[in-house]
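Next comes run22.txt, a file with compact mmCIF, C-alpha atoms.
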# COMPACT_ATOMS: atom_id res chain seq x y z
CA MET G 1 20.48 33.70 301.78
CA LYS G 2 18.18 33.67 298.78
CA GLY G 3 17.05 37.19 299.58
CA PHE G 4 20.65 38.33 299.74
CA LEU G 5 21.46 36.82 296.34
CA LYS G 6 18.42 38.51 294.87
CA PHE G 7 19.59 41.80 296.26
CA LEU G 8 23.09 41.24 294.86
CA VAL G 9 21.78 40.55 291.36
CA LEU G 10 19.50 43.59 291.51
CA ALA G 11 22.33 45.81 292.71
CA THR G 12 24.58 44.62 289.87
CA VAL G 13 21.92 45.31 287.28
CA VAL G 14 21.17 48.78 288.66
CA GLY G 15 24.91 49.55 288.88
CA ALA G 16 25.48 48.46 285.29
CA VAL G 17 22.60 50.61 284.05
CA ILE G 18 23.91 53.67 285.89
CA PHE G 19 27.42 53.02 284.55
CA PHE G 20 26.31 52.83 280.94
CA VAL G 21 24.04 55.85 281.22
CA LEU G 22 26.85 57.91 282.76
CA ARG G 23 29.33 56.76 280.13
CA ARG G 24 26.93 57.61 277.35
CA PHE G 25 26.28 61.03 278.88
CA ARG G 26 29.99 61.73 279.24
CA GLN G 27 30.66 60.79 275.64
CA ASP G 28 27.87 63.10 274.57
CA SER G 29 29.24 65.98 276.58
CA VAL G 30 32.71 65.54 275.13
CA PHE G 31 31.50 65.74 271.57
CA ASP G 32 28.56 68.07 271.98
CA PRO G 33 30.17 71.50 272.41
CA ALA G 34 32.07 73.16 269.64
CA PRO G 35 35.81 72.73 270.03
CA VAL G 36 37.55 75.73 271.52
CA SER G 37 39.93 77.24 269.05
CA GLY G 38 43.51 77.98 269.99
CA SER G 39 43.23 81.74 270.04
CA ALA G 40 41.66 83.42 273.06
CA GLY G 41 39.51 85.75 271.02
CA GLY G 42 35.76 85.89 271.48
CA ASN G 43 35.23 84.13 268.16
CA SER G 44 34.54 80.60 269.32
CA ASN G 45 30.99 79.46 269.35
CA LEU G 46 30.41 78.79 273.02
CA ASN G 47 26.73 79.51 273.15
CA SER G 48 25.72 75.95 272.45
CA GLY G 49 22.78 74.42 274.21
CA GLN G 50 22.10 75.11 277.89
CA ARG G 51 25.81 75.25 278.62
CA ARG G 52 26.66 78.53 280.23
CA SER G 53 29.58 80.26 278.63
CA ILE G 54 31.92 83.15 279.26
CA SER G 55 30.74 86.27 277.47
CA PRO G 56 33.02 87.29 274.57
CA GLU G 57 33.45 90.74 276.13
CA LEU G 58 34.79 89.14 279.30
CA LEU G 59 36.99 86.65 277.48
CA GLU G 60 38.60 89.43 275.51
CA ILE G 61 39.93 91.29 278.54
CA LEU G 62 40.49 88.44 281.00
CA ALA G 63 44.08 88.27 282.18
CA ASP G 64 46.10 86.16 284.55
CA PRO G 65 45.62 87.81 287.96
CA ALA G 66 49.30 87.45 288.76
CA ASP G 67 51.16 88.66 285.68
CA LYS G 68 48.18 90.43 284.01
CA GLY G 69 49.10 88.78 280.73
CA PRO G 70 46.56 87.18 278.39
CA VAL G 71 44.97 83.79 279.07
CA GLU G 72 43.75 81.25 276.57
CA LEU G 73 40.47 79.33 276.75
CA LEU G 74 41.10 75.60 276.36
CA ARG G 75 38.90 72.55 276.85
CA ASP G 76 40.28 69.34 278.31
CA ALA G 77 39.38 65.74 277.38
CA ASP G 78 36.37 65.83 279.74
CA GLY G 79 35.01 68.96 278.05
CA LYS G 80 35.86 71.15 281.02
CA GLU G 81 36.96 74.69 280.21
CA TRP G 82 40.14 76.25 281.53
CA LEU G 83 41.78 79.61 281.17
CA VAL G 84 45.42 78.91 280.62
CA ASN G 85 48.44 81.11 281.12
CA ARG G 86 50.91 79.80 278.50
CA ARG G 87 53.81 81.56 280.21
CA ASN G 88 53.72 79.56 283.45
CA GLY G 89 51.18 76.79 282.87
CA TYR G 90 48.67 78.07 285.43
CA ARG G 91 45.14 76.86 284.67
CA TYR G 92 42.10 78.72 286.01
CA PRO G 93 38.93 76.63 286.08
CA VAL G 94 35.64 77.80 284.57
CA GLU G 95 32.75 76.64 286.74
CA ASP G 96 29.27 76.90 285.27
CA GLY G 97 30.45 79.62 282.88
CA ILE G 98 32.14 81.68 285.62
CA PRO G 99 35.94 81.91 285.50
CA ILE G 100 37.58 81.33 288.87
CA MET G 101 40.45 83.79 288.70
CA LEU G 102 42.13 83.11 292.03
CA ILE G 103 45.90 82.74 291.84
CA GLU G 104 45.84 79.79 294.24
CA GLU G 105 43.40 77.98 291.94
CA GLY G 106 45.59 78.58 288.90
CA GLU G 107 48.56 77.27 290.81
CA LYS G 108 46.66 74.21 292.04
CA TYR G 109 45.81 73.09 288.49
CA LYS G 110 49.14 74.09 287.00
CA ASP G 111 50.12 72.02 283.93
CA GLU G 112 53.65 72.64 282.79
CA SER G 113 53.10 70.79 279.53
CA LEU G 114 51.00 73.77 278.38
CA ILE G 115 53.88 76.22 278.60
CA THR G 116 54.97 77.61 275.25
CA SER G 117 57.74 80.13 275.14
CA MET J 1 26.62 84.92 328.58
CA VAL J 2 29.18 84.09 325.98
CA ALA J 3 32.67 83.34 327.16
CA SER J 4 35.01 85.94 325.79
CA PRO J 5 37.33 84.38 323.26
CA GLY J 6 40.88 85.35 322.50
CA PRO J 7 41.37 86.90 319.12
CA VAL J 8 42.94 83.97 317.36
CA ASN J 9 43.93 81.15 319.63
CA GLY J 10 41.36 81.30 322.39
CA ARG J 11 38.16 79.31 322.46
CA ALA J 12 35.81 80.70 319.89
CA THR J 13 32.09 81.23 320.27
CA PRO J 14 30.09 79.06 317.88
CA HIS J 15 29.39 82.25 315.91
CA GLU J 16 33.05 83.05 315.50
CA ALA J 17 33.99 79.46 314.87
CA ARG J 18 31.58 79.42 311.95
CA LEU J 19 33.01 82.64 310.63
CA ARG J 20 36.54 81.32 310.74
CA GLY J 21 35.62 78.21 308.81
CA LEU J 22 37.35 78.22 305.47
CA PRO J 23 35.17 78.08 302.38
CA ARG J 24 34.36 74.65 301.09
CA ARG J 25 35.06 75.20 297.43
CA SER J 26 38.59 76.47 297.50
CA PRO J 27 40.82 77.02 300.48
CA VAL J 28 42.21 80.52 300.39
CA ARG J 29 45.89 80.53 301.02
CA PRO J 30 47.97 83.67 301.49
CA VAL J 31 48.92 84.90 298.08
CA ARG J 32 49.15 88.65 298.33
CA ARG J 33 52.44 89.92 299.48
CA ARG J 34 51.24 93.28 300.68
CA ARG J 35 50.34 94.14 304.21
CA PRO J 36 46.91 95.66 304.57
CA MET J 37 46.88 99.41 304.81
CA ARG J 38 47.94 100.80 308.13
CA GLN J 39 44.91 100.66 310.36
CA ARG J 40 44.36 103.04 313.17
CA PRO J 41 44.42 101.00 316.38
CA VAL J 42 40.96 101.23 317.84
CA THR J 43 42.22 100.83 321.38
CA ARG J 44 43.94 104.21 321.11
CA HIS J 45 40.62 105.94 321.33
CA ARG J 46 38.42 106.38 324.30
CA VAL J 47 35.31 104.36 323.70
CA PRO J 48 32.39 104.01 326.04
CA PRO J 49 33.25 101.55 328.81
CA VAL J 50 32.12 97.99 328.36
CA SER J 51 32.29 95.13 330.81
CA GLU J 52 35.16 92.71 330.49
CA ASN J 53 33.17 89.77 329.22
CA GLU J 54 31.60 91.88 326.51
CA GLN J 55 35.01 92.62 325.07
CA ARG J 56 34.89 90.93 321.76
CA LYS J 57 38.00 91.50 319.78
CA SER J 58 37.84 90.51 316.19
CA TYR J 59 40.82 88.83 314.70
CA VAL J 60 40.74 91.07 311.69
CA MET J 61 41.99 93.94 313.82
CA GLN J 62 45.61 92.88 313.90
CA SER J 63 47.80 93.71 310.95
CA GLN J 64 49.61 90.46 310.39
CA PRO J 65 51.05 89.59 306.97
CA ASP J 66 48.58 86.73 306.52
CA ASP J 67 45.61 88.94 307.35
CA THR J 68 44.53 89.19 303.74
CA ALA J 69 43.83 85.48 303.50
CA LYS J 70 42.08 85.46 306.86
CA ILE J 71 39.90 88.42 305.99
CA GLN J 72 39.06 87.02 302.57
CA ALA J 73 38.11 83.69 304.14
CA CYS J 74 36.02 85.52 306.71
CA VAL J 75 34.23 87.59 304.07
CA GLN J 76 33.42 84.51 302.01
CA SER J 77 32.17 82.50 304.94
CA ARG J 78 29.95 85.41 305.99
CA PHE J 79 28.41 86.13 302.62
CA ALA J 80 28.04 82.64 301.18
CA PRO J 81 25.13 81.61 303.46
CA VAL J 82 23.36 84.97 303.30
CA ALA J 83 23.71 85.68 299.56
CA GLU J 84 19.95 85.59 299.03
CA ALA J 85 19.37 88.09 301.85
CA TYR J 86 21.58 90.61 300.06
CA VAL J 87 19.68 90.25 296.81
CA THR J 88 16.40 90.98 298.56
CA SER J 89 17.72 93.61 300.97
CA ALA J 90 15.95 96.91 300.35
CA THR J 91 19.02 98.89 301.51
CA HIS J 92 21.13 97.23 298.88
CA ALA J 93 18.57 97.08 296.09
CA GLN J 94 17.06 100.58 296.21
CA GLY J 95 19.50 102.85 298.00
CA ALA J 96 19.38 106.49 296.90
CA ASP J 97 23.15 106.22 296.56
CA LEU J 98 22.69 103.86 293.61
CA SER J 99 20.69 106.32 291.52
CA HIS J 100 23.11 109.05 292.55
CA MET J 101 26.02 106.91 291.36
CA LEU J 102 24.27 106.43 288.01
CA ALA J 103 23.80 110.17 287.63
CA LEU J 104 27.43 110.90 288.50
CA ALA J 105 28.66 108.24 286.07
CA ALA J 106 27.43 110.37 283.12
CA LEU J 107 26.95 107.34 280.86
CA CYS J 108 26.68 107.59 277.09
CA GLY J 109 25.80 103.95 276.39
CA SER J 110 29.03 102.56 274.98
CA GLU J 111 30.86 101.98 278.26
CA GLN J 112 32.56 98.85 279.43
CA VAL J 113 31.89 98.70 283.19
CA LEU J 114 33.44 96.67 285.99
CA ASP J 115 31.47 96.25 289.20
CA VAL J 116 33.89 95.07 291.87
CA ALA J 117 32.45 93.00 294.74
CA THR J 118 29.04 93.01 293.11
CA GLY J 119 27.38 91.18 296.01
CA GLY J 120 23.68 90.92 295.21
CA GLY J 121 24.45 92.38 291.76
CA HIS J 122 22.37 95.53 292.27
CA THR J 123 24.94 97.94 290.89
CA ALA J 124 25.67 95.74 287.87
CA LEU J 125 21.92 95.43 287.27
CA ALA J 126 21.37 99.20 287.48
CA PHE J 127 24.24 99.99 285.08
CA ALA J 128 23.66 97.19 282.56
CA PRO J 129 20.70 98.69 280.63
CA LEU J 130 22.60 101.99 280.22
CA VAL J 131 25.97 100.72 279.00
CA HIS J 132 27.51 98.34 276.46
CA HIS J 133 28.64 95.63 278.89
CA VAL J 134 29.14 95.06 282.59
CA ILE J 135 31.47 92.64 284.31
CA ALA J 136 30.39 91.72 287.81
CA SER J 137 33.17 90.33 289.99
CA ASP J 138 33.04 88.98 293.51
CA LEU J 139 35.19 86.85 295.78
CA THR J 140 32.29 84.72 296.99
CA TRP J 141 30.99 82.08 294.59
CA GLN J 142 27.49 81.94 296.05
CA MET J 143 27.09 85.71 295.71
CA LEU J 144 28.00 85.48 292.00
CA THR J 145 25.57 82.69 291.19
CA THR J 146 22.81 84.36 293.19
CA ALA J 147 23.51 87.70 291.48
CA ARG J 148 23.50 86.05 288.04
CA GLN J 149 20.17 84.40 288.76
CA HIS J 150 18.73 87.72 289.94
CA ILE J 151 20.09 89.71 286.97
CA THR J 152 19.13 87.22 284.23
CA ALA J 153 15.64 86.99 285.75
CA GLN J 154 15.25 90.69 284.86
CA GLY J 155 16.02 89.86 281.23
CA ILE J 156 19.50 91.44 281.34
CA THR J 157 22.03 89.65 279.15
CA ASN J 158 24.99 92.05 278.83
CA VAL J 159 26.57 91.13 282.16
CA GLY J 160 29.56 88.79 282.53
CA TYR J 161 30.57 87.20 285.82
CA CYS J 162 33.98 86.52 287.23
CA ARG J 163 35.24 85.27 290.57
CA ALA J 164 38.19 87.34 291.75
CA PRO J 165 39.36 89.23 294.84
CA ALA J 166 39.14 93.01 294.66
CA GLU J 167 42.83 93.17 295.54
CA CYS J 168 43.92 91.20 292.46
CA LEU J 169 41.79 91.89 289.41
CA PRO J 170 42.22 89.49 286.45
CA PHE J 171 41.82 92.01 283.65
CA ALA J 172 44.13 93.53 281.08
CA ALA J 173 45.31 97.08 281.68
CA ALA J 174 43.05 99.88 280.47
CA SER J 175 39.95 97.73 279.92
CA PHE J 176 37.16 99.72 281.55
CA ASP J 177 35.46 103.11 281.21
CA ARG J 178 33.77 102.90 284.62
CA VAL J 179 34.72 100.92 287.71
CA THR J 180 32.09 100.79 290.43
CA CYS J 181 32.24 99.46 293.95
CA ARG J 182 29.24 99.90 296.20
CA LEU J 183 28.92 98.98 299.88
CA ALA J 184 31.93 96.69 299.73
CA ALA J 185 35.25 98.51 300.16
CA HIS J 186 34.96 98.29 303.96
CA HIS J 187 35.33 94.49 303.60
CA PHE J 188 38.53 94.57 301.56
CA ALA J 189 41.56 93.04 303.18
CA ASP J 190 43.95 95.38 301.40
CA ILE J 191 42.26 98.58 300.30
CA GLN J 192 45.40 100.08 298.77
CA ALA J 193 45.77 97.02 296.56
CA PHE J 194 42.16 97.41 295.38
CA VAL J 195 42.71 101.06 294.50
CA ARG J 196 45.92 100.23 292.64
CA GLU J 197 44.25 97.41 290.71
CA ALA J 198 41.23 99.53 289.86
CA ALA J 199 43.48 102.26 288.47
CA HIS J 200 45.36 99.64 286.45
CA VAL J 201 42.25 98.31 284.67
CA MET J 202 40.81 101.79 284.02
CA ARG J 203 41.25 103.44 280.64
CA PRO J 204 42.58 106.98 280.51
CA ASP J 205 39.81 109.40 281.51
CA ALA J 206 37.79 106.55 283.06
CA LEU J 207 35.84 107.04 286.29
CA LEU J 208 35.99 105.13 289.56
CA LEU J 209 32.77 105.35 291.58
CA ILE J 210 32.80 104.23 295.19
CA ALA J 211 29.83 104.25 297.54
CA ASP J 212 30.50 102.98 301.03
CA HIS J 213 30.65 103.54 304.74
CA ILE J 214 32.78 106.59 305.43
CA GLY J 215 35.01 106.92 308.49
CA LEU J 216 34.55 109.86 310.86
CA ASP J 217 37.20 112.49 311.46
CA ASP J 218 36.48 112.53 315.20
CA PRO J 219 38.48 109.54 316.52
CA ASP J 220 36.06 108.77 319.38
CA LEU J 221 32.99 108.77 317.16
CA ASP J 222 34.89 106.79 314.54
CA ALA J 223 35.92 104.17 317.10
CA PHE J 224 32.32 103.89 318.30
CA MET J 225 31.00 103.41 314.77
CA ASP J 226 33.74 100.94 313.96
CA ARG J 227 32.87 98.98 317.07
CA PHE J 228 29.18 98.49 316.38
CA GLU J 229 29.72 97.81 312.68
CA ARG J 230 32.37 95.21 313.36
CA TRP J 231 30.43 93.70 316.24
CA ARG J 232 27.49 93.06 314.00
CA ASP J 233 29.71 91.95 311.12
CA PRO J 234 33.27 90.77 311.89
CA SER J 235 34.10 90.93 308.18
CA HIS J 236 33.74 94.71 308.38
CA VAL J 237 37.39 95.72 308.12
CA ARG J 238 37.23 99.48 308.20
CA ALA J 239 35.37 102.52 306.92
CA TYR J 240 37.89 104.97 305.48
CA THR J 241 37.55 108.71 305.90
CA LEU J 242 37.32 110.99 302.87
CA ALA J 243 40.85 112.19 303.64
CA GLU J 244 42.13 108.61 303.55
CA TRP J 245 40.33 107.94 300.26
CA SER J 246 41.80 111.10 298.84
CA SER J 247 45.38 110.15 299.65
CA MET J 248 44.91 106.55 298.47
CA LEU J 249 43.38 107.59 295.16
CA THR J 250 45.90 110.33 294.53
CA SER J 251 48.74 107.89 295.08
CA VAL J 252 47.58 105.77 292.13
CA GLY J 253 46.99 108.68 289.76
CA LEU J 254 43.26 109.17 290.26
CA ALA J 255 41.91 112.65 290.93
CA ILE J 256 38.77 113.02 293.04
CA GLU J 257 36.11 114.94 291.13
CA HIS J 258 33.28 114.51 293.57
CA SER J 259 32.84 113.41 297.16
CA GLU J 260 29.97 113.60 299.58
CA GLN J 261 29.02 112.09 302.90
CA ARG J 262 25.91 111.97 305.02
CA MET J 263 24.25 109.88 307.69
CA GLY J 264 22.68 106.87 306.02
CA GLU J 265 19.13 105.64 306.26
CA PRO J 266 18.42 104.30 309.77
CA TYR J 267 19.36 100.69 310.39
CA GLU J 268 16.25 98.97 311.63
CA PHE J 269 17.95 97.07 314.43
CA THR J 270 16.13 93.75 314.14
CA SER J 271 16.53 93.27 310.40
CA TRP J 272 20.01 94.79 310.40
CA THR J 273 21.28 92.21 312.88
CA ALA J 274 19.23 89.38 311.34
CA ARG J 275 20.61 89.89 307.83
CA MET J 276 24.07 88.88 309.02
CA ARG J 277 22.58 86.09 311.15
CA MET J 278 23.93 87.55 314.34
CA PRO J 279 23.40 85.07 317.17
CA ASP J 280 20.86 86.07 319.83
CA ALA J 281 23.46 86.34 322.59
CA GLU J 282 25.63 88.68 320.54
CA ARG J 283 22.67 90.75 319.49
CA THR J 284 21.61 91.13 323.12
CA ASN J 285 25.12 92.24 324.07
CA LEU J 286 25.30 94.75 321.24
CA GLU J 287 21.86 96.06 322.11
CA ARG J 288 22.83 96.52 325.77
CA TRP J 289 26.05 98.25 324.75
CA LEU J 290 24.14 100.65 322.51
CA LEU J 291 21.58 101.34 325.23
CA GLU J 292 24.41 102.30 327.61
CA ALA J 293 26.10 104.64 325.12
CA PRO J 294 26.71 108.19 326.41
CA ALA J 295 24.42 110.94 325.17
CA PRO J 296 26.75 112.48 322.54
CA TYR J 297 27.08 109.11 320.83
CA ARG J 298 23.34 108.48 321.01
CA ALA J 299 22.71 111.85 319.44
CA PHE J 300 25.31 111.53 316.69
CA PHE J 301 24.29 108.03 315.59
CA ASP J 302 20.62 108.78 316.12
CA ILE J 303 20.19 105.78 318.40
CA ILE J 304 16.47 105.33 319.04
CA ASP J 305 15.15 102.96 321.68
CA ALA J 306 11.82 102.09 323.22
CA ASN J 307 11.08 99.96 326.28
CA GLY J 308 14.70 98.95 326.65
CA ARG J 309 15.02 97.79 323.04
CA ILE J 310 17.01 99.45 320.29
CA ILE J 311 14.74 100.45 317.41
CA SER J 312 17.25 101.98 315.02
CA LEU J 313 20.57 103.73 314.56
CA ARG J 314 22.44 105.39 311.73
CA SER J 315 25.91 105.23 310.30
CA ARG J 316 27.95 107.45 307.96
CA PHE J 317 27.92 106.80 304.21
CA GLY J 318 29.34 108.58 301.22
CA ILE J 319 30.13 108.55 297.50
CA ILE J 320 33.51 109.26 295.93
CA MET J 321 34.16 109.69 292.23
CA ALA J 322 37.68 109.87 290.84
CA ARG J 323 39.02 110.19 287.31
CA LYS J 324 42.10 108.65 285.82
CA SER J 325 44.35 111.14 284.06
CA SER J 326 43.88 111.20 280.29
CA ARG J 327 47.48 110.46 279.43
Could you quickly redo this structure as structure tokens?
Amino acid sequence: MKGFLKFLVLATVVGAVIFFVLRRFRQDSVFDPAPVSGSAGGNSNLNSGQRRSISPELLEILADPADKGPVELLRDADGKEWLVNRRNGYRYPVEDGIPIMLIEEGEKYKDESLITS
Amino acid sequence: MVASPGPVNGRATPHEARLRGLPRRSPVRPVRRRRPMRQRPVTRHRVPPVSENEQRKSYVMQSQPDDTAKIQACVQSRFAPVAEAYVTSATHAQGADLSHMLALAALCGSEQVLDVATGGGHTALAFAPLVHHVIASDLTWQMLTTARQHITAQGITNVGYCRAPAECLPFAAASFDRVTCRLAAHHFADIQAFVREAAHVMRPDALLLIADHIGLDDPDLDAFMDRFERWRDPSHVRAYTLAEWSSMLTSVGLAIEHSEQRMGEPYEFTSWTARMRMPDAERTNLERWLLEAPAPYRAFFDIIDANGRIISLRSRFGIIMARKSSR
């Protein structure tokens, strides 16, 4: 019984430490990178730190695979980058600096609140 | 002996079951509306007889509307676990076709290049030092990250990476001066869609350079080649003949300026089958089938054996270069 209580206390302490470290890290990562500007040009400073980024040459010509229209680079509250089609709200994820331009992915993360027309 | 599975519904061998597994990262659902290009039914041709339980039909042979998704899933599940092997493969890294492609491309240094289905990234790596910028695209995530690692390790920084199917390219019209595609077109689920998309992203006067397996005009020889290629790699969809390339490219406004074909470097049987992680039982079956091939086939494909083991064989390869009209 005593051993179990000891274990419980230890587990709580370890859990709390991990929680605070993670929270701190997440806060850092939200504020660390430069904010992505509204326009999809290659002008935003994405080459910060060890973060991998989309090359400006690629960003300039990237298009929605379905309608071939332009996409806009946006960053969500968690700091994750998305390539957004403002015409239909499709959002294409950017994983480790590589855009995932599969129509089914864009559809999966669709956010209609991003549509401007 | 492996039980012979039905093409789609029957019990699958462990090998096939693994191949059919959908990728972990993102399930590929049917999105393309187009049917794959009409494929010549292999069964029409007389192929050397094989015993019933060696019949191993691949599910990619049927032309169903949802084939594209199936083939794309198959390609990804095949290449994801062997990405590293393609980076280190001598055939892929140092083929004579690669330097020939570079020479044909007549680069001046300011080009924007797209390498479709970059695989191990060898073509992107070869072009990068000679042009302004290269975009390497591939359907398989693991191939992209492995290629990036390989390319950046050489100190190359003017390459961008993008995950996309060859049949649906995510680029604005008229973006590239050169589009390359090496040793990959035979995997594409919808070759006509790839050709159309490539033409769309090419600038006027831009060049498309394709190096790949080339189909044979003789239907029997073609069926034989198709059989051993697909047996070893079920994601091998088809090798198109020069005539087929010509009609496909012409239909999208590209004019062929150069084409050539020749027998490729011999496949060293052991490493050739190992690179795709062919299971032992399948390899044994393929080996036996090759050993029993009639003399004309043995001669044409240069099948060499010793002590009842296949040492090597050869397949047909070629390069095609086409230009987009300048209007």
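Distance check against J:Pro165 using all atoms listed in the file: of J:Glu197, J:Ser326, J:Arg314, J:Pro204, the minimum falls on J:Glu197.
If you measure from each of G:Asp64, G:Val71, G:Tyr90, G:Ile115 to chain J using only C-alpha atoms, the closest one turns out to be G:Asp64.
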- request: Pick out the residues sitting within 10 Å of G:Arg87, and hand them over as a PyMOL selection string; count all atoms listed in the file, and ignore anything fewer than 4 positions along from it in its own chain.
  value: chain G and resi 64+67+69-71+112+114-117
Write a file of the selected residues as a PDB file, keeping the file's coordinate frame, keeping C-alpha atoms.
ATOM      1  CA  ASP G  64      46.100  86.160 284.550  1.00  0.00           C
ATOM      2  CA  ASP G  67      51.160  88.660 285.680  1.00  0.00           C
ATOM      3  CA  GLY G  69      49.100  88.780 280.730  1.00  0.00           C
ATOM      4  CA  PRO G  70      46.560  87.180 278.390  1.00  0.00           C
ATOM      5  CA  VAL G  71      44.970  83.790 279.070  1.00  0.00           C
ATOM      6  CA  GLU G 112      53.650  72.640 282.790  1.00  0.00           C
ATOM      7  CA  LEU G 114      51.000  73.770 278.380  1.00  0.00           C
ATOM      8  CA  ILE G 115      53.880  76.220 278.600  1.00  0.00           C
ATOM      9  CA  THR G 116      54.970  77.610 275.250  1.00  0.00           C
ATOM     10  CA  SER G 117      57.740  80.130 275.140  1.00  0.00           C
TER      11      SER G 117
END
Can you check which parts of stretch 284-318 of chain J lie within 10 Å of stretch 223-245 of chain J? Per residue, the shortest pair of atoms and distance in Å to one decimal, counting all atoms listed in the file, sorted by chain and number, as JSON lines.
{"residue": "J:Asn285", "atom": "CA", "partner": "J:Trp231", "partner_atom": "CA", "distance": 9.6}
{"residue": "J:Leu286", "atom": "CA", "partner": "J:Trp231", "partner_atom": "CA", "distance": 7.2}
{"residue": "J:Glu287", "atom": "CA", "partner": "J:Phe228", "partner_atom": "CA", "distance": 9.6}
{"residue": "J:Trp289", "atom": "CA", "partner": "J:Phe228", "partner_atom": "CA", "distance": 8.9}
{"residue": "J:Leu290", "atom": "CA", "partner": "J:Phe228", "partner_atom": "CA", "distance": 8.2}
{"residue": "J:Ala293", "atom": "CA", "partner": "J:Phe224", "partner_atom": "CA", "distance": 9.3}
{"residue": "J:Tyr297", "atom": "CA", "partner": "J:Phe224", "partner_atom": "CA", "distance": 7.8}
{"residue": "J:Phe301", "atom": "CA", "partner": "J:Met225", "partner_atom": "CA", "distance": 8.2}
{"residue": "J:Arg314", "atom": "CA", "partner": "J:Met225", "partner_atom": "CA", "distance": 9.3}
{"residue": "J:Ser315", "atom": "CA", "partner": "J:Met225", "partner_atom": "CA", "distance": 7.0}
{"residue": "J:Arg316", "atom": "CA", "partner": "J:Met225", "partner_atom": "CA", "distance": 8.5}
{"residue": "J:Phe317", "atom": "CA", "partner": "J:Ala239", "partner_atom": "CA", "distance": 9.0}
{"residue": "J:Gly318", "atom": "CA", "partner": "J:Leu242", "partner_atom": "CA", "distance": 8.5}
I need the chosen residues saved as a PDB file, keeping the file's coordinate frame, with C-alpha atoms.
ATOM      1  CA  ASN J 285      25.120  92.240 324.070  1.00  0.00           C
ATOM      2  CA  LEU J 286      25.300  94.750 321.240  1.00  0.00           C
ATOM      3  CA  GLU J 287      21.860  96.060 322.110  1.00  0.00           C
ATOM      4  CA  TRP J 289      26.050  98.250 324.750  1.00  0.00           C
ATOM      5  CA  LEU J 290      24.140 100.650 322.510  1.00  0.00           C
ATOM      6  CA  ALA J 293      26.100 104.640 325.120  1.00  0.00           C
ATOM      7  CA  TYR J 297      27.080 109.110 320.830  1.00  0.00           C
ATOM      8  CA  PHE J 301      24.290 108.030 315.590  1.00  0.00           C
ATOM      9  CA  ARG J 314      22.440 105.390 311.730  1.00  0.00           C
ATOM     10  CA  SER J 315      25.910 105.230 310.300  1.00  0.00           C
ATOM     11  CA  ARG J 316      27.950 107.450 307.960  1.00  0.00           C
ATOM     12  CA  PHE J 317      27.920 106.800 304.210  1.00  0.00           C
ATOM     13  CA  GLY J 318      29.340 108.580 301.220  1.00  0.00           C
TER      14      GLY J 318
END
What are the closest atom pairs, with distances in Å to one decimal, for each residue of chain G lying within 7 Å of chain J, using all atoms listed in the file, rows by chain and rising residue number, as a tab-separated table?
residue	atom	partner	partner_atom	distance
G:Ile54	CA	J:Gly160	CA	6.9
G:Ser55	CA	J:Gly160	CA	5.8
G:Leu58	CA	J:Gly160	CA	6.2
G:Ile61	CA	J:Ala172	CA	5.4
G:Leu62	CA	J:Phe171	CA	4.6
G:Ala63	CA	J:Phe171	CA	4.6
G:Asp64	CA	J:Pro170	CA	5.5
G:Pro65	CA	J:Pro170	CA	4.1
G:Lys68	CA	J:Ala172	CA	5.9
G:Gly69	CA	J:Ala172	CA	6.9
G:Ile98	CA	J:Cys162	CA	5.4
G:Pro99	CA	J:Cys162	CA	5.3
G:Ile100	CA	J:Arg163	CA	4.9
G:Met101	CA	J:Ala164	CA	5.2
G:Leu102	CA	J:Ala164	CA	5.8
G:Glu104	CA	J:Arg29	CA	6.8
Write the selection just made, keeping C-alpha atoms, as a compact mmCIF listing (two decimals), in the coordinates of the input?
# COMPACT_ATOMS: atom_id res chain seq x y z
CA ILE G 54 31.92 83.15 279.26
CA SER G 55 30.74 86.27 277.47
CA LEU G 58 34.79 89.14 279.30
CA ILE G 61 39.93 91.29 278.54
CA LEU G 62 40.49 88.44 281.00
CA ALA G 63 44.08 88.27 282.18
CA ASP G 64 46.10 86.16 284.55
CA PRO G 65 45.62 87.81 287.96
CA LYS G 68 48.18 90.43 284.01
CA GLY G 69 49.10 88.78 280.73
CA ILE G 98 32.14 81.68 285.62
CA PRO G 99 35.94 81.91 285.50
CA ILE G 100 37.58 81.33 288.87
CA MET G 101 40.45 83.79 288.70
CA LEU G 102 42.13 83.11 292.03
CA GLU G 104 45.84 79.79 294.24
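The coordinates place atom CA of J:Thr270 at 13.1 Å from atom CA of J:Ala306.
Atom CA of J:Leu107 sits 6.9 Å away from atom CA of J:Val131.
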Draw an axis-aligned box tight on the listed atoms of stretch 224-241 of chain J, then pad every side by 5 Å and write out centre and edge lengths in Å to one decimal as AutoDock Vina command-line options.
--center_x 32.7 --center_y 99.7 --center_z 311.9 --size_x 20.4 --size_y 27.9 --size_z 22.8
task: Identify, on the basis of all atoms listed in the file, every residue whose closest approach to J:Asp97 does not exceed 9 Å; exclude the query and any residue fewer than 5 positions from it along the same chain; express the result as a PyMOL selection string.
output: chain J and resi 102+182+211+318-319
message: Can you measure atom CA of J:Gly155 to atom CA of J:Leu183 for me? One decimal in Å is fine.
response: 24.4 Å
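Counting all atoms listed in the file, the residue from J:Ser89, J:Gln154, J:Thr123, J:Thr118 that sits nearest to J:Trp272 is J:Ser89.
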task: Quick one: everything within 9 Å of G:Tyr109, counting only C-alpha atoms, minus sequence neighbours fewer than 4 positions away in the same chain. Send it as JSON, numbers by chain.
output: {"G": [89, 90, 91, 92, 93, 104, 105]}
Using only C-alpha atoms, please write the residues we just selected to a file, as a short mmCIF file (atom, residue, chain, number, x, y, z; two decimals), in the frame of the given file.
data_model
loop_
_atom_site.label_atom_id
_atom_site.label_comp_id
_atom_site.auth_asym_id
_atom_site.auth_seq_id
_atom_site.Cartn_x
_atom_site.Cartn_y
_atom_site.Cartn_z
CA GLY G 89 51.18 76.79 282.87
CA TYR G 90 48.67 78.07 285.43
CA ARG G 91 45.14 76.86 284.67
CA TYR G 92 42.10 78.72 286.01
CA PRO G 93 38.93 76.63 286.08
CA GLU G 104 45.84 79.79 294.24
CA GLU G 105 43.40 77.98 291.94
#
